[in-house]
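**Q** Before I ask anything, let me first share the structure, which is written out below as structure tokens.
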Amino acid sequence: MVAVCHPAAAQAQVRSFDVPAQSASTGIREFARQAGIQVTLAGRDGDGRATKPVRGSFEIRDGLTRLLADTGLTVRSFDGKVAILAASSADVADAGETITVTGSRIARPELESAMPIGIVSMEAGRKAGNTTVYETVLRDVAVGPGNGPYNSAPEGQYDGGMATIELRNMGVSRSLTLIDGRRRVSGAASSSAVDINMIPSGMVERIEIVTGGAAAIYGADAVTGAANIITRTDIKGLEISATTGFTQHGGGSKSQISFVAGTSFSDDRGSITIGGTWMKNNPIYFHQRYARNTNISYQTNPENTGPDDGIPDRVIRYNMTNMYLQPNANIYVGGKTYLLSPDGSAYVGEYANGCISGCGTSRDGGDGGFPQSQYWSDFLIAPIENYAFIGRFDYALTDGLNADFRVDYGRSRYDAYRRPYRDDDRLTWLNGAGGATARLDNPYLPDSFRQIMLDNNLASTAVRRSYENFGQMTDYSDRQSLTVSAGLSGELPGGLEWEAFGQYGRSTNDIHADNVPIASRLIAARDVISDPVSGAPVCRDATARANGCVPFNIFSEAPLTAEQRGWMMATRRKHREQTQKIFGANIAGSPFSLPAGDIQAVIGVEHRRESIHNVDDNGAAPPDKELSHLGAWAPYEPELRASNDVSEAYGELVVPLLRDLPFIHKLTVEGAYRYSDYSDFESTHTWKVGGSWMPFAELTLRAVRSRSVRVPNFGERYSSRAVQEIGVRDACLQTSYQANPTRKANCAALMQQLGIPTPYLPSEIGTGYVITGGSTDVTPETSNSLTLGLVWQPRFLPGFDLTVDYWNIKLDNMIAAIGQQDVLNLCMDLPSIDNQFCDRVTRDSRGYAEGVDTSYMNVSESAAEGIDIGANYRTNVGPGRLALALRATYLVNFETTTLPGVETSRIIYDGGYQNPRVRANMFASYTVGDWEVGLNTRFWGSAVNYTNMSDEAYDRNKLPAKIYNDLNIGWNLNEQATLRVGINNLFDVRPPYRPRTYYQGGGGVYDVYGRYFFSSVNFKF
């Protein structure tokens, strides 16, 4: 391939040319230099051709026509800056598409880049019925689910409703997202991620995925790579498109409308481009895919006799529940749970398949026997509605000076929720007041409960329940993002181009939570007595009565009255805001030539300042914490104002060393360096070196080595510490304490300290809590990455190309939020229980782990390696054109080590369901006349549910591979209109019906939509 990069100029600009007749590759290169433009041509298309002479003054487009006359080459597209050439249709029956990529700051054809680059076409995504950039980018096997509608939990997730890109599943904060090569302000509370919902999908041309360290090119955060979203620029006229779809099993319908328009003026010296997209995705509720009582989890196997007996330690239960979580009031008296019936009678609760955990305690759990699980109204797919807009203005002020101005705006509304408020017999609720209490003098006390209490000589007893009559606590986020940029660009002597720009970005999130109980008022309202005079129910507390307390019947499931809701329920509000200011300048081009070709270089500087301002509701502030008690959405977040800035200088160089020699058809080396001076951390140095060797025209070998540094972002340092209720599985339970000799010894020592006679805890999965959030103690992390690969374009198979790349990424001093189960395990698996993980575990009075702190910390290292394969083939078959594209990856290794040299400190991810060994996407299309048929096949390899475990730890731990097929058919009615219909997940493949994977598709890796039907239309005017 030939790709020549020179300064940009306006399309209608007149230039003087003196280009002699010569070979096509040389003539095109010389023409590009004299015209000051970039020209791209597939190398094989230039073979055996010669260009015509061009002498005199012409507009660039006319000059190109003269240059290519009678050569069999045509101008496929030209926007005034980039010309893409190709052989004419008669000569190109088997030629492949050439894409000029910007995976570095030096644009080159896709297959000539030393750094592997994956190209995701937005047009291909639209053909598949995708309504968002997020859905489309997941087509690349290097991209993990990140944060999106498939994994936005209902438990008050701060970043719920966002869509982010995560490369290699190594964290969204390590993947840098760019828009047309520039950074954007983060919209996240817990990371530096960019919300790509704020980009109108109708304006997106493609997404370039650069895997491996790219910090030297683009700066911090590009530790595992960068995703560069390229927007459309060559728009003439008006284009309108619409897509809608629905699922066979209900819920999950999608709608989208986009428009793009563009025009030029002043004899093509200026252009205006605008585009926008409106999109709405409706939710899929848990009960639309599963029975209301479904709750799949692993529980102790009663048949297990011990380690190495060949009997699974844990088996799957499909309807796990807890009596104390039920929506009807219940009390635990005399070793039994009594639940209140709608008619006021009480009955002894029993699990259909017996008690499983915590048996004989007030917080037992069992399998079946109750109509609904705690998940029945959760989202499997979260709802979102958003619209986004881009407006761009470009103008050639003079022949050598161009100006540009751009505005990007997006807004999204995410309407999620938390589960309703609940409490039980623990004192953790309502700021230490604990759950509700049934007292004999409460006039609301049902006769059935009263009799049970009298029979057991009780004046009071705890009431446990989920208060569904309060209504779901909402988690409503209203996000907005605004980016404004302006720049100047022009030419310098010697054929170089320069650019200077300024950019301002601002993202906000206004959050509110409805149906939050006011702690002190709920405490007062639930404690009811009979008025001594009237006998009517009144609040016991005289002060509360004087303040208007409205009594509440804790035993009733009736909806709250307006008076009750006005007294004890409130809306809590938060405001988050982040800003970003960037000023930059660079010079790019070819400073001089070598015998093997032009040297390409870029040098530049950039200054970036980022700030954050978060404000919480005063009603949540301590000491009262009226709206921030456990179970009421989230802890109080003190007002946060923070900022930092960084000044950077960078350079990149591509040097052609040799060409047209025996076994050296072409040899190129390249490098990049960036110096970053931070206001709150020490300065950093990042670099990249690499090269490509083409021993002959059909084969290219390439390699890149890079070093990156990432400083902690605002989320990792300052995000508030949120508390979430969750089941906690202690590492020292009877079923797991013998997982390895170290754990066995540590559990025995801990039990001795706690005064427990056995070396383990009786198996019980209690409802505890997990703390998440930032830490000001975290320090920068570093990474080293290596890629080795080849590109093969055999002449004997025209239209075919193959890439194979080995990649390796190693992080040191990694910033991580270790998962709660890993924290519990590592506490016991390290040589001593005097370690940083045990410091993060809180135990209850019985010795069970109750609370786990998973806030950010620095751990030792993390490493991942794998092999990526890409293949494309395009050929004529019968009356039409067949195109095949394969993108696959094999994960060799992915693990985190918290203590070097200690085997039990390893957390293994490879082979797990979120990181299967094999992932692949195959795209096939056949075009004949005005019709096109497309079939996309996604393969998610077989995996295990739990890694780091012995074969007998979990029954049915192995998960089968899943294959999804998406079919679409398009019809071009005429040059202005296209219709398309399709079915995604053609064979209605379901997620594995196993713990963790059935809920939200295991965090977005498995399809939960089921069979999905869509149609779309596109009009061009």
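Each chain of the structure tokens is named A, B, ... in the order shown, its residues numbered from 1; ligands are numbered from 1 in display order.
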Can you pull out the residues contacting Ala436 in chain A? Cut-off 12 Å, using only C-alpha atoms, and skip same-chain residues under 4 positions away; I want them as a PyMOL selection string.

**A** chain A and resi 329-331+422-430+432+442+460-467+519+522-528+552-555

**Q** Give the alpha helix (DSSP H) residues of range 596-738 of chain A, as DSSP finds them on the backbone, and put them as a PyMOL selection string.

**A** chain A and resi 714-718

**Q** Taking 5 positions as the minimum chain separation for residues in the same chain, which residues sit within 9 Å of range 358-370 of chain A when counting only C-alpha atoms? Answer as a ChimeraX atom specification.

**A** /A:293-295,317-324,326,331-333,335-337,349-353,424-425,762-767

**Q** Residues near Phe592 in chain A, anyone? I mean within 10 Å using only C-alpha atoms, not counting same-chain ones fewer than 3 positions away, as number ranges by chain.

**A** A: 494-496, 589, 597-601

**Q** Export, as a PDB file, in the first residue's frame, the selected residues with C-alpha atoms.

**A**
```
ATOM      1  CA  GLY A 494       9.378  22.623   3.615  1.00  0.00           C
ATOM      2  CA  GLY A 495       6.027  20.933   3.170  1.00  0.00           C
ATOM      3  CA  LEU A 496       5.072  20.724   6.838  1.00  0.00           C
ATOM      4  CA  GLY A 589       4.819  16.184   7.946  1.00  0.00           C
ATOM      5  CA  GLY A 597      11.124   7.294   1.234  1.00  0.00           C
ATOM      6  CA  ASP A 598       9.901  10.267   3.203  1.00  0.00           C
ATOM      7  CA  ILE A 599      10.482  10.514   6.928  1.00  0.00           C
ATOM      8  CA  GLN A 600       7.241  11.296   8.731  1.00  0.00           C
ATOM      9  CA  ALA A 601       7.376  13.217  12.001  1.00  0.00           C
TER      10      ALA A 601
END
```

**Q** Env of range 405-419 of chain A: 7 Å cut, atoms = only C-alpha atoms, seq-sep filter 5 positions within chain, self excluded. Answer as a PyMOL selection string.

**A** chain A and resi 154-156+161+198-199+382-394+472-487+633

**Q** With only C-alpha atoms as the basis for distance, which of A:Thr927, A:Thr300, A:Ser708, A:Thr684 is at the shortest distance from Gly878 in chain A?

**A** A:Thr927

**Q** Within 6 Å of range 564-568 of chain A, counting only C-alpha atoms, which residues qualify if same-chain residues fewer than 3 places away don't, as a PDB file with C-alpha atoms, in the first residue's frame?

**A**
```pdb
ATOM      1  CA  PRO A 517     -37.046   7.048  54.051  1.00  0.00           C
ATOM      2  CA  ILE A 518     -36.105   9.924  56.368  1.00  0.00           C
ATOM      3  CA  ARG A 521     -39.172  10.232  60.884  1.00  0.00           C
ATOM      4  CA  LEU A 522     -39.459   6.562  59.965  1.00  0.00           C
ATOM      5  CA  VAL A 550     -48.026  10.407  60.979  1.00  0.00           C
ATOM      6  CA  LEU A 560     -48.512   4.658  51.890  1.00  0.00           C
ATOM      7  CA  THR A 561     -51.067   7.394  52.254  1.00  0.00           C
TER       8      THR A 561
END
```

**Q** So that I can see what lies close to Thr224 in chain A, please list as a count of residues only the residues with an atom at most 10 Å from it, counting only C-alpha atoms and leaving out residues fewer than 3 positions away in the same chain.

**A** 26
